[in-house]
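Asks: Starting off with a structure, shown below.
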There are 2 protein chains.
Amino acid sequence: MKTAACTVAKGRPREFDVDEALTAALRIFWTKGYEGASLTDLTEAMGITRPSLYAAFGNKESLFCKALELYEREKLCYIGRALEAPTARGVAEALLRGALERQRDTSDPRGCMGVINSVACGVEAESIREEVLKRGESAKRAIVARFERAKQEGDLPDHADPEGLTSYIIALIQGIALQGGAGTSCADLERLVQTSLSMWPAK
Amino acid sequence: MKTAACTVAKGRPREFDVDEALTAALRIFWTKGYEGASLTDLTEAMGITRPSLYAAFGNKESLFCKALELYEREKLCYIGRALEAPTARGVAEALLRGALERQRDTSDPRGCMGVINSVACGVEAESIREEVLKRGESAKRAIVARFERAKQEGDLPDHADPEGLTSYIIALIQGIALQGGAGTSCADLERLVQTSLSMWPAK
DNA sequence: CGGCTTATATACCGCTCGTTATGAAAACCG
DNA sequence: CGGTTTTCATAACGAGCGGTATATAAGCCG
């Protein structure tokens, strides 16, 4: 009994590519937020009808979760790579430059999908908010762990506060995304990053 | 002809206090955002009916603008005071501590009204977004001017970048508001501020 | 008291929202 | 070819949205 990846389709084959549709949906959620993205916006961008969307993705909420997963996998992968930098300063620099590059990419919307959807809106979006915050928490824990390791390795001074450093660097990343989404020019964002890096000790 | 403040009321006197109602409306916009706040939410919190709201405040959009004005006047006054600090570092410290105190105040909602409403939602809220961003811009210019003054006074080194420093400090403030709105404990936020201050040169 | 003005209360408007019922179309199997 | 299964297209559902028409109540002025 083969449960997964049945190669022979039984009924009428679907006429659209699921991954392409999900990518289109991501762009809508990214620019308009969960509540701001109506089903009309979504179906028009995805090029499919409402029943097709519900058959393929369940409902609006599960569609959002799948889009969020795609977003983290393709657009936030720089975070995981940044943690592999040899020094704490290298980690911070990679994080800041990664966030900056995200705002530089003109083929993608400005702002950050997570930041946009972490601010409270209607009551219906409460579960969405929690899902977004949950993922943010796990990313935060990973950075804390990396800074604690750096402290043990003598890469950070004994009086360093890994939690404080993490909140600090996340605040800067959030600020970059927020200001980028607000329309701040990339040149200005670059100066923000430059200033941040000049603050970090032990150049 | 006395245009303003006519002391004698002509018709039936209104049965609610306009300032109290506006304060209640502010809390709703603050916690739910412009689009997330329905007229039902607003009228229930304000203790008035829909026609009373429209007679006193115009419509939802102008009500929001009046609430935003009240918010800046009462909750963001720490920014203006911070700019009066004698040194650039004093300014930065007052800004960060002011933002932290805002998240500490348990009698007010967490997060920042401006941050919440600066992220894009539906198309109807586009003018709201622009209004919020406009006010943010003016605050930014004030901080830039203050840092430029500090540079002229020799309070900041010649190679300092007032624009970059401003974007940097605003990013931290935005991060504090965002993390505060996300439920981060005040203790953690305090460490964030502490870390930020430890980064600023020339203690 | 009557006339005038303004605030209140109830109910409703047209519209959009997310979701789904209905029926026809397209592939496979026997 | 008939039967089965899945997808597609149209249209509709109930609920909630921002905003308002209508009628009544409460004050002043003469």
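By order in the structure tokens, chains are A, B, ...; within a chain, residues start at 1; ligands start at 1, following the order shown.
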Give me, as a CSV table (one decimal) with C-alpha atoms (C1' of nucleotides), in the first residue's frame, the residues of chain D touching chain B, with the criterion being at most 9 Å (counting only C-alpha atoms (C1' of nucleotides)).

Replies:
```
chain,number,residue,atom,x,y,z
D,17,DC,C1',-18.7,46.0,7.2
D,18,DG,C1',-19.0,51.5,7.0
D,19,DG,C1',-22.5,54.7,6.7
D,20,DT,C1',-27.3,56.8,6.9
D,25,DA,C1',-36.5,63.3,22.9
D,26,DA,C1',-34.3,67.3,25.2
D,27,DG,C1',-32.8,71.6,25.6
D,28,DC,C1',-33.0,77.0,24.5
```

Asks: Can I get the residues of chain C within 10 Å of chain B, each with the closest pair of atoms and their distance in Å to one decimal, using only C-alpha atoms (C1' of nucleotides), sorted chain first then ascending number, as JSON lines?

Replies:
```
{"residue": "C:DC4", "atom": "C1'", "partner": "B:Gly11", "partner_atom": "CA", "distance": 8.3}
{"residue": "C:DT5", "atom": "C1'", "partner": "B:Gly11", "partner_atom": "CA", "distance": 4.5}
{"residue": "C:DT6", "atom": "C1'", "partner": "B:Gly11", "partner_atom": "CA", "distance": 4.0}
{"residue": "C:DA7", "atom": "C1'", "partner": "B:Arg12", "partner_atom": "CA", "distance": 5.6}
{"residue": "C:DT8", "atom": "C1'", "partner": "B:Ser52", "partner_atom": "CA", "distance": 7.5}
{"residue": "C:DA9", "atom": "C1'", "partner": "B:Thr49", "partner_atom": "CA", "distance": 8.0}
```

Asks: Give me, please, the distance in Å between CA of Thr184 in chain A and CA of Ile143 in chain A, quoted to one decimal.

Replies: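 Calculated distance between CA of Thr184 in chain A and CA of Ile143 in chain A is 26.8 Å.
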
Asks: Taking only C-alpha atoms into account, find every residue of chain B that has an atom no more than 9 Å from chain A, and write it out as a ChimeraX atom specification.

Replies: /B:31-38,111,115-123,133,160-161,163-176,178-179,181-182,188-196,199-201

Asks: Would you return as an MDAnalysis selection string the members of chain A that DSSP assigns to alpha helix (DSSP H) on this structure's backbone?

Replies: chainID A and resid 18:36 39:46 50:57 60:75 77:82 88:104 113:118 126:152 162:181 186:199

Asks: As a list of chain:residue names, please: the residues near DT22 in chain C (cut-off 10 Å, only C-alpha atoms (C1' of nucleotides), same-chain neighbours under 5 positions excluded).

Replies: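 Once the nearby chain positions are removed, what remains is D:DT10, D:DA11, D:DA12.
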
Asks: Take the residues just selected and output them with C-alpha atoms (C1' of nucleotides) as a PDB file, in the first residue's frame.

Replies:
```
ATOM      1  C1'  DT D  10     -21.031  30.014 -11.833  1.00  0.00           C
ATOM      2  C1'  DA D  11     -23.570  31.613  -8.450  1.00  0.00           C
ATOM      3  C1'  DA D  12     -25.200  31.938  -4.168  1.00  0.00           C
TER       4       DA D  12
END
```

Asks: Do you have the C1' of DA15 in chain D-CA of Met46 in chain B distance handy?

Replies: 23.7 Å

Asks: What separation in Å, quoted to one decimal, exists between C1' of DC8 in chain D and C1' of DA25 in chain C?

Replies: 7.2 Å

Asks: Within 8 Å of Tyr78 in chain A, counting only C-alpha atoms (C1' of nucleotides), which residues show up once you throw out same-chain ones fewer than 5 positions away? Write them as an mmCIF file with C-alpha atoms, in the first residue's frame, please.

Replies:
```
data_model
loop_
_atom_site.group_PDB
_atom_site.id
_atom_site.type_symbol
_atom_site.label_atom_id
_atom_site.label_comp_id
_atom_site.auth_asym_id
_atom_site.auth_seq_id
_atom_site.Cartn_x
_atom_site.Cartn_y
_atom_site.Cartn_z
ATOM 1 C CA ALA A 94 25.524 38.504 8.296
ATOM 2 C CA LEU A 95 22.133 39.001 9.920
ATOM 3 C CA GLY A 98 20.940 39.621 5.030
#
```

Asks: Write out as a PyMOL selection string each polymer residue whose atoms come within 12 Å of DG30 in chain C, counting only C-alpha atoms (C1' of nucleotides); drop sequence neighbours fewer than 6 positions from it.

Replies: chain D and resi 1-4

Asks: Using only C-alpha atoms (C1' of nucleotides), determine which residues lie at most 12 Å from Leu156 in chain B, disregarding the query and same-chain residues fewer than 2 positions distant; provide the list as an NGL selection string.

Replies: :B and (87-91 or 146-154 or 158-162 or 165 or 200-202)

Asks: Generate a file of the selected residues that holds N, CA, C and O atoms, formatted as a PDB file, in the first residue's frame.

Replies:
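That gives us result_37.pdb:
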```pdb
ATOM      1  N   THR B  87      23.422  66.105  25.532  1.00  0.00           N
ATOM      2  CA  THR B  87      24.367  65.403  24.656  1.00  0.00           C
ATOM      3  C   THR B  87      23.637  64.424  23.744  1.00  0.00           C
ATOM      4  O   THR B  87      22.500  64.030  24.017  1.00  0.00           O
ATOM      5  N   ALA B  88      24.315  64.043  22.648  1.00  0.00           N
ATOM      6  CA  ALA B  88      23.722  63.081  21.720  1.00  0.00           C
ATOM      7  C   ALA B  88      23.429  61.767  22.423  1.00  0.00           C
ATOM      8  O   ALA B  88      22.386  61.149  22.220  1.00  0.00           O
ATOM      9  N   ARG B  89      24.360  61.366  23.283  1.00  0.00           N
ATOM     10  CA  ARG B  89      24.124  60.129  24.015  1.00  0.00           C
ATOM     11  C   ARG B  89      22.946  60.257  24.945  1.00  0.00           C
ATOM     12  O   ARG B  89      22.166  59.324  25.114  1.00  0.00           O
ATOM     13  N   GLY B  90      22.810  61.428  25.551  1.00  0.00           N
ATOM     14  CA  GLY B  90      21.654  61.669  26.408  1.00  0.00           C
ATOM     15  C   GLY B  90      20.356  61.591  25.632  1.00  0.00           C
ATOM     16  O   GLY B  90      19.353  61.040  26.116  1.00  0.00           O
ATOM     17  N   VAL B  91      20.365  62.115  24.413  1.00  0.00           N
ATOM     18  CA  VAL B  91      19.195  62.042  23.553  1.00  0.00           C
ATOM     19  C   VAL B  91      18.844  60.587  23.279  1.00  0.00           C
ATOM     20  O   VAL B  91      17.691  60.162  23.445  1.00  0.00           O
ATOM     21  N   ARG B 146      18.736  67.244  15.402  1.00  0.00           N
ATOM     22  CA  ARG B 146      19.369  67.264  16.721  1.00  0.00           C
ATOM     23  C   ARG B 146      20.767  66.660  16.663  1.00  0.00           C
ATOM     24  O   ARG B 146      21.709  67.170  17.294  1.00  0.00           O
ATOM     25  N   PHE B 147      20.928  65.578  15.908  1.00  0.00           N
ATOM     26  CA  PHE B 147      22.235  64.930  15.815  1.00  0.00           C
ATOM     27  C   PHE B 147      23.206  65.786  14.993  1.00  0.00           C
ATOM     28  O   PHE B 147      24.416  65.781  15.258  1.00  0.00           O
ATOM     29  N   GLU B 148      22.662  66.514  14.009  1.00  0.00           N
ATOM     30  CA  GLU B 148      23.542  67.405  13.249  1.00  0.00           C
ATOM     31  C   GLU B 148      24.053  68.527  14.143  1.00  0.00           C
ATOM     32  O   GLU B 148      25.213  68.935  14.055  1.00  0.00           O
ATOM     33  N   ARG B 149      23.181  69.006  15.000  1.00  0.00           N
ATOM     34  CA  ARG B 149      23.604  70.047  15.952  1.00  0.00           C
ATOM     35  C   ARG B 149      24.703  69.498  16.851  1.00  0.00           C
ATOM     36  O   ARG B 149      25.718  70.155  17.094  1.00  0.00           O
ATOM     37  N   ALA B 150      24.487  68.268  17.313  1.00  0.00           N
ATOM     38  CA  ALA B 150      25.480  67.654  18.197  1.00  0.00           C
ATOM     39  C   ALA B 150      26.834  67.535  17.495  1.00  0.00           C
ATOM     40  O   ALA B 150      27.888  67.700  18.116  1.00  0.00           O
ATOM     41  N   LYS B 151      26.787  67.258  16.198  1.00  0.00           N
ATOM     42  CA  LYS B 151      28.032  67.127  15.450  1.00  0.00           C
ATOM     43  C   LYS B 151      28.751  68.478  15.366  1.00  0.00           C
ATOM     44  O   LYS B 151      29.974  68.574  15.568  1.00  0.00           O
ATOM     45  N   GLN B 152      27.987  69.522  15.103  1.00  0.00           N
ATOM     46  CA  GLN B 152      28.575  70.857  15.048  1.00  0.00           C
ATOM     47  C   GLN B 152      29.160  71.260  16.394  1.00  0.00           C
ATOM     48  O   GLN B 152      30.167  71.946  16.473  1.00  0.00           O
ATOM     49  N   GLU B 153      28.497  70.820  17.447  1.00  0.00           N
ATOM     50  CA  GLU B 153      28.957  71.186  18.789  1.00  0.00           C
ATOM     51  C   GLU B 153      30.142  70.338  19.231  1.00  0.00           C
ATOM     52  O   GLU B 153      30.615  70.468  20.350  1.00  0.00           O
ATOM     53  N   GLY B 154      30.560  69.424  18.364  1.00  0.00           N
ATOM     54  CA  GLY B 154      31.672  68.569  18.733  1.00  0.00           C
ATOM     55  C   GLY B 154      31.269  67.449  19.673  1.00  0.00           C
ATOM     56  O   GLY B 154      32.111  66.722  20.200  1.00  0.00           O
ATOM     57  N   ASP B 158      33.535  63.790  13.923  1.00  0.00           N
ATOM     58  CA  ASP B 158      33.342  64.326  12.577  1.00  0.00           C
ATOM     59  C   ASP B 158      32.850  63.279  11.587  1.00  0.00           C
ATOM     60  O   ASP B 158      32.155  63.598  10.630  1.00  0.00           O
ATOM     61  N   HIS B 159      33.255  62.038  11.818  1.00  0.00           N
ATOM     62  CA  HIS B 159      32.857  60.992  10.873  1.00  0.00           C
ATOM     63  C   HIS B 159      31.462  60.437  11.173  1.00  0.00           C
ATOM     64  O   HIS B 159      31.005  59.500  10.507  1.00  0.00           O
ATOM     65  N   ALA B 160      30.785  61.009  12.139  1.00  0.00           N
ATOM     66  CA  ALA B 160      29.443  60.513  12.485  1.00  0.00           C
ATOM     67  C   ALA B 160      28.448  60.834  11.369  1.00  0.00           C
ATOM     68  O   ALA B 160      28.578  61.830  10.674  1.00  0.00           O
ATOM     69  N   ASP B 161      27.471  59.960  11.227  1.00  0.00           N
ATOM     70  CA  ASP B 161      26.453  60.116  10.193  1.00  0.00           C
ATOM     71  C   ASP B 161      25.087  60.338  10.864  1.00  0.00           C
ATOM     72  O   ASP B 161      24.457  59.380  11.301  1.00  0.00           O
ATOM     73  N   PRO B 162      24.656  61.602  10.964  1.00  0.00           N
ATOM     74  CA  PRO B 162      23.394  61.894  11.665  1.00  0.00           C
ATOM     75  C   PRO B 162      22.200  61.117  11.107  1.00  0.00           C
ATOM     76  O   PRO B 162      21.386  60.590  11.875  1.00  0.00           O
ATOM     77  N   LEU B 165      22.608  57.501  12.187  1.00  0.00           N
ATOM     78  CA  LEU B 165      22.342  57.384  13.618  1.00  0.00           C
ATOM     79  C   LEU B 165      20.850  57.469  13.912  1.00  0.00           C
ATOM     80  O   LEU B 165      20.326  56.740  14.764  1.00  0.00           O
ATOM     81  N   TRP B 200      26.474  52.229  22.508  1.00  0.00           N
ATOM     82  CA  TRP B 200      26.716  53.638  22.161  1.00  0.00           C
ATOM     83  C   TRP B 200      28.063  54.083  22.713  1.00  0.00           C
ATOM     84  O   TRP B 200      28.355  53.897  23.883  1.00  0.00           O
ATOM     85  N   PRO B 201      28.889  54.678  21.880  1.00  0.00           N
ATOM     86  CA  PRO B 201      30.251  55.013  22.301  1.00  0.00           C
ATOM     87  C   PRO B 201      30.291  56.129  23.352  1.00  0.00           C
ATOM     88  O   PRO B 201      29.315  56.850  23.521  1.00  0.00           O
ATOM     89  N   ALA B 202      31.414  56.230  24.013  1.00  0.00           N
ATOM     90  CA  ALA B 202      31.691  57.348  24.924  1.00  0.00           C
ATOM     91  C   ALA B 202      30.672  57.451  26.026  1.00  0.00           C
ATOM     92  O   ALA B 202      29.906  58.399  26.126  1.00  0.00           O
TER      93      ALA B 202
END
```

Asks: Closest to DC13 in chain D among C:DA21, C:DC1, C:DA26, C:DA11, using only C-alpha atoms (C1' of nucleotides)?

Replies: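 Closest to DC13 in chain D, using only C-alpha atoms (C1' of nucleotides): C:DA21.
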